[in-house]
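Undergrad: The structure follows.
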Amino acid sequence: MYLYRKHSQSISALSSRNGRKLLDAFTLELEIIALVKRYRRDELKNVLSKRLIDFNFYNLLYIDDKFLASALSKVKIIETSMRENDYEQVLNYRSITVLFLTLAPNYISLPFFKINPNNSA
């Protein structure tokens, strides 16, 4: 998933035009977390933690406004699932921002993501 995201034609690279597909990518993250738990592959948690946080951070910043509330709801579920499943807490500005904004009510979180000039309909 990470290498695909780097490709210029990936869903996340085109997030402003493919918001619906990007919402599916957030759903895929939950499936990955469930698979790691199901197959007890705890060694993958450290690698996935940073990748999932980076993916969520950048895509919340660049997803089209009309998909932002849905995306934020999905990321809140993902963050909760990561905490409940003991994923390593990466400490950098992206992870702290995502954590704070997923714990905050939407009336605080949504305006933060809307300040990005690239994040418009």
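The chains in the structure tokens are called A, B, ... from first to last as shown; in each chain the residues are counted from 1, and the ligands are counted from 1 in the order shown.
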Show me, as JSON lines, the residues of stretch 23-59 of chain A having an atom within 12 Å of stretch 98-103 of chain A, each with the closest atom pair and its distance in Å, using only C-alpha atoms.

TA:
```
{"residue": "A:Lys50", "atom": "CA", "partner": "A:Val98", "partner_atom": "CA", "distance": 11.7}
{"residue": "A:Leu52", "atom": "CA", "partner": "A:Val98", "partner_atom": "CA", "distance": 10.6}
{"residue": "A:Ile53", "atom": "CA", "partner": "A:Val98", "partner_atom": "CA", "distance": 7.3}
{"residue": "A:Asp54", "atom": "CA", "partner": "A:Val98", "partner_atom": "CA", "distance": 9.1}
{"residue": "A:Phe55", "atom": "CA", "partner": "A:Val98", "partner_atom": "CA", "distance": 10.5}
{"residue": "A:Asn56", "atom": "CA", "partner": "A:Val98", "partner_atom": "CA", "distance": 7.6}
{"residue": "A:Phe57", "atom": "CA", "partner": "A:Val98", "partner_atom": "CA", "distance": 6.1}
{"residue": "A:Tyr58", "atom": "CA", "partner": "A:Val98", "partner_atom": "CA", "distance": 9.8}
{"residue": "A:Asn59", "atom": "CA", "partner": "A:Val98", "partner_atom": "CA", "distance": 11.0}
```

Undergrad: Could you save the residues just selected, with N, CA and C atoms, as a CSV table (one decimal), in the first residue's frame?

TA:
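Once written, again_23.csv looks like this:
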```csv
chain,number,residue,atom,x,y,z
A,50,LYS,N,3.6,3.8,11.6
A,50,LYS,CA,4.1,5.0,11.0
A,50,LYS,C,3.4,5.2,9.6
A,52,LEU,N,0.5,4.1,8.5
A,52,LEU,CA,-0.9,4.4,8.6
A,52,LEU,C,-1.1,5.9,9.0
A,53,ILE,N,-0.3,6.3,10.0
A,53,ILE,CA,-0.4,7.7,10.5
A,53,ILE,C,0.0,8.7,9.3
A,54,ASP,N,1.1,8.4,8.6
A,54,ASP,CA,1.4,9.3,7.5
A,54,ASP,C,0.4,9.3,6.4
A,55,PHE,N,-0.2,8.1,6.1
A,55,PHE,CA,-1.2,8.1,5.1
A,55,PHE,C,-2.4,8.9,5.5
A,56,ASN,N,-2.9,8.7,6.8
A,56,ASN,CA,-4.0,9.5,7.3
A,56,ASN,C,-3.8,11.0,7.3
A,57,PHE,N,-2.6,11.4,7.8
A,57,PHE,CA,-2.3,12.8,7.9
A,57,PHE,C,-2.3,13.5,6.5
A,58,TYR,N,-1.6,12.9,5.5
A,58,TYR,CA,-1.5,13.6,4.2
A,58,TYR,C,-2.9,13.5,3.5
A,59,ASN,N,-3.6,12.5,3.6
A,59,ASN,CA,-4.8,12.4,2.9
A,59,ASN,C,-5.9,13.2,3.5
```

Undergrad: Applying 10 Å and only C-alpha atoms, which residues near A:Leu60 remain after dropping the ones on its own chain fewer than 3 positions away? List them as number ranges by chain.

TA: A: 15, 22, 54-57, 63-65, 67-69, 71-72, 75, 98, 110, 112-114, 119

Undergrad: Could you tell me which of A:Gln89, A:Ser73, A:Ser81, A:Thr27 comes closest to A:Asn46 if we count only C-alpha atoms?

TA: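 Residue with the minimum atom-to-atom distance to A:Asn46: A:Gln89.
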
Undergrad: Residues at most 9 Å from stretch 37-42 of chain A, counting only C-alpha atoms, excluding those fewer than 5 positions away in the same chain, as a ChimeraX atom specification?

TA: /A:32,85,87

Undergrad: How about saving the chosen residues, C-alpha atoms kept, as a tab-separated table (two decimals), in the first residue's frame?

TA:
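Output file out.tsv is given in full below:
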```tsv
chain	number	residue	atom	x	y	z
A	32	ILE	CA	-5.21	-4.56	7.55
A	85	ASN	CA	-4.55	-3.09	19.45
A	87	TYR	CA	0.19	-0.15	17.92
```

Undergrad: For A:Val47, which residue out of A:Val90, A:Ile108, A:Ile96, A:Asp24 is the nearest one, using only C-alpha atoms?

TA: A:Val90
